[in-house]
>>> print(open('data.txt').read())   # compact mmCIF, C-alpha atoms and all ligand atoms
# COMPACT_ATOMS: atom_id res chain seq x y z
CA MET C 1 -6.21 -4.72 -22.12
CA ARG C 2 -4.13 -6.98 -19.92
CA LEU C 3 -6.48 -9.12 -17.89
CA PRO C 4 -5.52 -9.21 -14.25
CA SER C 5 -4.85 -12.65 -12.88
CA PRO C 6 -5.88 -13.53 -9.33
CA ILE C 7 -3.51 -13.77 -6.42
CA SER C 8 -1.08 -16.27 -7.90
CA PRO C 9 2.56 -15.26 -7.51
CA SER C 10 4.13 -13.62 -10.54
CA TYR C 11 6.33 -15.60 -12.87
CA SER C 12 9.57 -14.49 -14.41
CA GLU C 13 10.65 -16.58 -17.38
CA GLY C 14 8.67 -19.48 -15.98
CA VAL C 15 10.31 -19.35 -12.55
CA PRO C 16 7.82 -18.66 -9.75
CA LEU C 17 8.93 -15.80 -7.55
CA ARG C 18 8.72 -16.21 -3.79
CA MET C 19 6.17 -14.31 -1.77
CA THR C 20 7.84 -13.02 1.37
CA THR C 21 6.42 -11.18 4.33
CA ARG C 22 8.12 -8.76 6.70
CA THR C 23 6.69 -7.04 9.74
CA ILE C 24 6.99 -3.35 10.56
CA ALA C 25 5.76 -2.16 13.97
CA THR C 26 4.98 1.51 14.60
CA ARG C 27 4.44 3.11 17.97
CA SER C 28 2.67 6.34 16.90
CA GLU C 29 0.62 7.89 14.13
CA ALA C 30 3.66 9.98 13.18
CA ALA C 31 5.77 6.82 12.91
CA THR C 32 3.27 5.26 10.48
CA GLN C 33 3.39 8.46 8.43
CA SER C 34 7.19 8.26 8.43
CA VAL C 35 6.97 4.68 7.17
CA GLY C 36 4.78 5.92 4.31
CA ARG C 37 7.17 8.78 3.63
CA ALA C 38 10.08 6.34 3.38
CA LEU C 39 8.35 4.68 0.43
CA ALA C 40 8.18 7.93 -1.57
CA PRO C 41 11.78 8.13 -2.87
CA LEU C 42 11.56 4.45 -3.90
CA SER C 43 8.27 4.81 -5.79
CA ALA C 44 8.15 4.74 -9.57
CA PRO C 45 5.33 4.95 -12.12
CA GLY C 46 3.28 1.75 -12.14
CA ASP C 47 4.01 0.82 -8.52
CA VAL C 48 1.03 -0.52 -6.58
CA VAL C 49 0.50 -0.71 -2.82
CA VAL C 50 -2.63 -2.43 -1.51
CA LEU C 51 -3.50 -1.47 2.07
CA SER C 52 -5.77 -3.69 4.13
CA GLY C 53 -6.88 -3.64 7.75
CA ASP C 54 -9.85 -2.59 9.86
CA LEU C 55 -11.47 0.83 9.95
CA GLY C 56 -9.03 3.14 11.71
CA ALA C 57 -6.07 0.79 11.25
CA GLY C 58 -3.90 3.51 9.72
CA LYS C 59 -4.16 3.02 5.96
CA THR C 60 -4.77 6.71 5.33
CA GLN C 61 -2.05 7.78 7.78
CA LEU C 62 0.45 5.70 5.80
CA THR C 63 -0.83 7.25 2.57
CA LYS C 64 -0.52 10.76 4.04
CA GLY C 65 3.17 10.10 4.67
CA LEU C 66 3.73 8.75 1.17
CA ALA C 67 1.93 11.79 -0.26
CA ALA C 68 4.06 14.19 1.78
CA GLY C 69 7.20 12.42 0.56
CA LEU C 70 6.00 12.75 -3.03
CA GLY C 71 5.57 16.49 -2.50
CA VAL C 72 1.76 16.49 -2.50
CA ALA C 73 0.67 19.83 -1.07
CA GLU C 74 -3.04 19.20 -0.45
CA THR C 75 -4.58 17.34 2.45
CA VAL C 76 -4.98 13.60 1.92
CA THR C 77 -8.10 11.93 3.33
CA SER C 78 -9.75 8.52 2.77
CA PRO C 79 -11.39 8.71 -0.69
CA THR C 80 -14.25 6.57 0.62
CA PHE C 81 -17.07 8.30 -1.25
CA ASN C 82 -15.00 9.27 -4.29
CA ILE C 83 -13.38 5.82 -4.69
CA LEU C 84 -10.40 7.51 -6.37
CA LEU C 85 -8.63 10.77 -5.58
CA VAL C 86 -5.66 11.90 -7.67
CA HIS C 87 -2.93 14.03 -6.10
CA ASP C 88 -0.15 15.83 -7.98
CA GLY C 89 3.33 15.18 -6.66
CA ARG C 90 6.77 14.31 -8.04
CA ILE C 91 4.75 11.62 -9.76
CA PRO C 92 0.94 11.38 -9.45
CA LEU C 93 -0.53 9.57 -6.45
CA TYR C 94 -3.65 7.55 -7.34
CA HIS C 95 -5.41 6.96 -4.02
CA PHE C 96 -8.20 4.40 -4.23
CA ASP C 97 -10.58 3.33 -1.46
CA LEU C 98 -12.65 0.29 -2.44
CA TYR C 99 -14.63 0.17 0.83
CA ARG C 100 -17.87 1.32 -0.82
CA LEU C 101 -17.50 -0.62 -4.04
CA ASP C 102 -20.28 -3.22 -4.34
CA ASP C 103 -18.99 -5.28 -7.21
CA ALA C 104 -15.62 -6.02 -8.81
CA LYS C 105 -17.19 -5.15 -12.18
CA GLN C 106 -17.12 -1.50 -11.11
CA LEU C 107 -13.32 -1.70 -11.29
CA ASP C 108 -13.66 -1.77 -15.08
CA ASP C 109 -15.75 1.43 -15.03
CA LEU C 110 -13.01 3.07 -12.99
CA ASP C 111 -10.33 1.99 -15.48
CA TYR C 112 -8.68 0.48 -12.39
CA TRP C 113 -5.99 -1.53 -14.19
CA GLY C 114 -5.27 1.25 -16.67
CA THR C 115 -4.67 3.59 -13.76
CA LEU C 116 -2.40 1.10 -11.99
CA GLU C 117 -0.24 0.93 -15.10
CA ALA C 118 -0.23 4.69 -15.63
CA ASP C 119 2.30 7.38 -14.78
CA GLY C 120 1.99 7.35 -11.01
CA VAL C 121 2.06 5.26 -7.85
CA SER C 122 -1.26 3.71 -6.81
CA VAL C 123 -2.38 3.11 -3.24
CA VAL C 124 -5.50 0.98 -2.82
CA GLU C 125 -7.22 1.05 0.57
CA TRP C 126 -9.43 -2.04 1.06
CA GLY C 127 -7.98 -3.55 -2.14
CA ASP C 128 -8.18 -7.00 -0.56
CA ARG C 129 -12.00 -6.89 -0.81
CA PHE C 130 -11.71 -8.09 -4.41
CA GLU C 131 -9.28 -10.75 -5.57
CA ARG C 132 -9.20 -9.10 -8.98
CA ALA C 133 -7.96 -5.88 -7.43
CA MET C 134 -4.83 -7.51 -6.03
CA PRO C 135 -1.64 -6.76 -7.98
CA ASP C 136 0.59 -9.40 -9.52
CA ASP C 137 3.54 -7.18 -8.82
CA GLY C 138 3.75 -4.80 -5.89
CA LEU C 139 3.17 -4.59 -2.16
CA VAL C 140 0.30 -5.75 0.01
CA VAL C 141 0.34 -4.21 3.48
CA ARG C 142 -2.01 -5.55 6.16
CA ILE C 143 -2.23 -3.18 9.14
CA SER C 144 -3.37 -4.50 12.52
CA ILE C 145 -4.24 -2.48 15.61
CA THR C 146 -1.97 -3.83 18.34
CA GLY C 147 -2.45 -1.08 20.94
CA ASP C 148 -3.86 2.44 21.37
CA ASP C 149 -0.98 3.96 19.44
CA GLU C 150 0.62 0.80 18.10
CA ARG C 151 0.15 -0.79 14.71
CA THR C 152 1.70 -3.83 13.05
CA LEU C 153 2.20 -3.72 9.28
CA GLU C 154 2.62 -7.08 7.52
CA VAL C 155 4.33 -6.30 4.24
CA THR C 156 3.94 -8.99 1.58
CA ALA C 157 5.97 -8.60 -1.58
CA ARG C 158 4.49 -9.84 -4.83
CA GLY C 159 6.56 -10.32 -7.95
CA LEU C 160 10.00 -8.99 -8.69
CA ARG C 161 9.13 -5.30 -8.26
CA GLY C 162 7.42 -6.08 -4.98
CA GLN C 163 10.56 -7.80 -3.69
CA VAL C 164 12.78 -4.89 -4.68
CA LEU C 165 10.43 -2.36 -3.08
CA ALA C 166 9.94 -4.38 0.11
CA ASP C 167 13.71 -4.84 0.57
CA ALA C 168 14.50 -1.16 0.12
CA TRP C 169 11.48 0.05 2.08
CA CYS C 170 12.13 -2.15 5.11
CA ALA C 171 15.81 -1.17 5.14
CA ALA C 172 14.79 2.50 5.17
CA CYS C 173 12.17 1.93 7.88
CA ALA C 174 14.70 0.25 10.17
CA GLU C 175 16.36 3.65 10.56
CA LEU C 176 13.19 5.44 11.74
CA ASP C 177 12.26 6.45 15.31
CA ASP C 178 9.42 4.50 16.96
CA VAL C 179 9.57 1.87 14.20
CA SER C 180 10.90 -1.69 14.34
CA VAL C 181 11.35 -4.05 11.42
CA ASP C 182 11.34 -7.85 11.64
CA GLY C 183 13.07 -10.34 9.38
CA VAL C 184 11.80 -11.94 6.19
CA ARG C 185 9.41 -14.91 6.29
CA ASP C 186 8.98 -17.05 3.20
CA ARG C 187 5.33 -17.68 2.33
CA SER C 188 5.81 -19.78 -0.82
N1 LIG C 201 0.68 3.83 15.17
C1 LIG C 201 -0.35 4.39 14.54
N2 LIG C 201 -0.37 4.43 13.18
C2 LIG C 201 -1.40 4.94 12.51
N3 LIG C 201 -2.50 5.46 13.08
C3 LIG C 201 -2.54 5.47 14.43
C4 LIG C 201 -1.48 4.93 15.20
N4 LIG C 201 -1.82 5.06 16.50
C5 LIG C 201 -3.02 5.63 16.53
N5 LIG C 201 -3.47 5.90 15.28
C6 LIG C 201 -4.78 6.50 14.95
O1 LIG C 201 -5.52 5.55 14.20
C7 LIG C 201 -6.31 6.21 13.24
C8 LIG C 201 -5.97 5.71 11.84
O2 LIG C 201 -6.86 6.30 10.95
P1 LIG C 201 -6.81 6.10 9.38
O3 LIG C 201 -7.79 7.07 8.81
O4 LIG C 201 -5.42 6.14 8.90
O5 LIG C 201 -7.38 4.62 9.25
P2 LIG C 201 -7.80 3.84 7.93
O6 LIG C 201 -7.16 2.50 8.05
O7 LIG C 201 -7.51 4.65 6.73
O8 LIG C 201 -9.38 3.66 8.13
P3 LIG C 201 -10.57 3.64 7.05
O9 LIG C 201 -10.71 2.20 6.62
O10 LIG C 201 -11.76 4.09 7.85
O11 LIG C 201 -10.24 4.56 5.90
C9 LIG C 201 -6.05 7.71 13.39
O12 LIG C 201 -7.03 8.25 14.24
C10 LIG C 201 -4.68 7.74 14.09
O13 LIG C 201 -4.50 8.89 14.90
MG MG C 202 -8.65 5.35 5.17
>>> encode(input="data.txt", output="C-alpha cells")
Amino acid sequence: MRLPSPISPSYSEGVPLRMTTRTIATRSEAATQSVGRALAPLSAPGDVVVLSGDLGAGKTQLTKGLAAGLGVAETVTSPTFNILLVHDGRIPLYHFDLYRLDDAKQLDDLDYWGTLEADGVSVVEWGDRFERAMPDDGLVVRISITGDDERTLEVTARGLRGQVLADAWCAACAELDDVSVDGVRDRS
C-alpha cells in the first residue's frame, strides 16, 4: 500500500509544485451549498477534499451541495458517529468525519487511503486533525464563520490535481449569486 506522506507539497518529476490559496466568501447557507454543487461536475474518481473549520462552520452544507450535484438522492448529514457514509451518485461520494476518531491508527482500520484512491470523490470533515489524513494531491478547504450567515472558505490546492480543481472550481464559483472569489495567493 502506498504510504501517505505528511503535508509536504507534491512533487512532479522532482519539481515542487506550488501551494496556492484562494478565498471564497458566501453570504448564505444556500450559497455554500451552491459552491459545493459547483465542484460536482469537476469531480473525478480519486479526488479528495479535506474540510476544516469549527463546529457549525458549514462543512456539511458544502458536502450537501456536492452530493446534490453528483445526483445523490438521500439526505446528507455529518457522519460523526459513523465516521464514513457512502452515497451513490454519478460517482460514489465517500463522506468521512474524523471528529470522533481518537487515533490516526484507526485510519488504517477504515482503509482510509484505499478509499481515497477508489472509484469516487472523498470529502473528509475534520481531516486536518491528523497530519496523515491530509492528501498530497487535492483540496483543503478551511471554513471560517465571519458573520451570522457569512462564511469564508480558504481553498488551498495541493499537487497538480489540486491546482486544476481549484482553478476550475473558483472560476465556476465566481459566477454564483451571494458568492465572491478572491485572487490567488502563493504559499510556497
Ligand atoms: N454562509 C453559510 N454557509 C454555510 N452554513 C451557514 C451559512 N450561514 C449560516 N449557516 C449555518 O451554519 C450551519 C452549518 O452547519 P454544518 O452542519 O454545515 O457545519 P459543520 O461544519 O459540518 O459542523 P460539524 O463540525 O458539527 O459537522 C448550519 O446551521 C447553516 O444553516
Ligand atoms: Mg458536519
>>> atom_distance(input="data.txt", atom1="atom C9 of ligand LIG 201 (chain C)", atom2="CA of Ala166 in chain C")
24.0 Å
>>> closest_residue(input="data.txt", among="C:Ala38, C:Val72, C:Leu116, C:Val179", to="Asp149 in chain C", atoms="only C-alpha atoms")
C:Val179
>>> closest_atom_pairs(input="data.txt", of="chain C", to="ligand MG 202 (chain C)", cutoff="9 Å", atoms="only C-alpha atoms and all ligand atoms", output="tab-separated table")
residue	atom	partner	partner_atom	distance
C:Leu55	CA	C:MG202	MG	7.2
C:Gly56	CA	C:MG202	MG	6.9
C:Ala57	CA	C:MG202	MG	8.0
C:Gly58	CA	C:MG202	MG	6.8
C:Lys59	CA	C:MG202	MG	5.1
C:Thr60	CA	C:MG202	MG	4.1
C:Gln61	CA	C:MG202	MG	7.5
C:Thr63	CA	C:MG202	MG	8.5
C:Thr77	CA	C:MG202	MG	6.9
C:Ser78	CA	C:MG202	MG	4.1
C:Pro79	CA	C:MG202	MG	7.3
C:Thr80	CA	C:MG202	MG	7.3
C:Asp97	CA	C:MG202	MG	7.2
C:Glu125	CA	C:MG202	MG	6.5
C:Trp126	CA	C:MG202	MG	8.5
>>> residues_around(input="data.txt", residues="Ala73 in chain C", least_positions_apart="2", cutoff="12 Å", atoms="all atoms listed in the file", output="PyMOL selection string")
chain C and resi 64-71+75-76+87-90+92-93
>>> residues_near_point(input="data.txt", point="(-9.8, -4.9, -4.4)", cutoff="12 Å", atoms="only C-alpha atoms", output="PyMOL selection string")
chain C and resi 4+6-7+48-52+83+96-108+112-113+123-135+140
>>> closest_residue(input="data.txt", among="C:Ile143, C:Ala174, C:Leu42, C:Val155", to="ligand LIG 201 (chain C)", atoms="only C-alpha atoms and all ligand atoms")
C:Ile143
>>> closest_residue(input="data.txt", among="C:Ser43, C:Ser34, C:Ser122, C:Thr156", to="ligand LIG 201 (chain C)", atoms="all atoms listed in the file")
C:Ser34
>>> closest_residue(input="data.txt", among="C:Gln163, C:Thr152, C:Ser28, C:Ser180", to="ligand LIG 201 (chain C)", atoms="only C-alpha atoms and all ligand atoms")
C:Ser28
>>> atom_distance(input="data.txt", atom1="CA of Val164 in chain C", atom2="CA of Arg37 in chain C")
17.0 Å
>>> axis_aligned_box(input="data.txt", around="ligand LIG 201 (chain C)", padding_each_side="6 Å", output="lines of an AutoDock Vina configuration file")
center_x = -5.5
center_y = 5.5
center_z = 11.2
size_x = 24.4
size_y = 18.7
size_z = 22.6
>>> closest_residue(input="data.txt", among="C:Leu160, C:Val121, C:Ala25, C:Asp111", to="His95 in chain C", atoms="all atoms listed in the file")
C:Val121
>>> atom_distance(input="data.txt", atom1="CA of Ile91 in chain C", atom2="CA of Asp182 in chain C")
29.7 Å
>>> closest_residue(input="data.txt", among="C:Gly114, C:Pro45, C:Gly159, C:Gly183", to="Gly138 in chain C", atoms="all atoms listed in the file")
C:Gly159
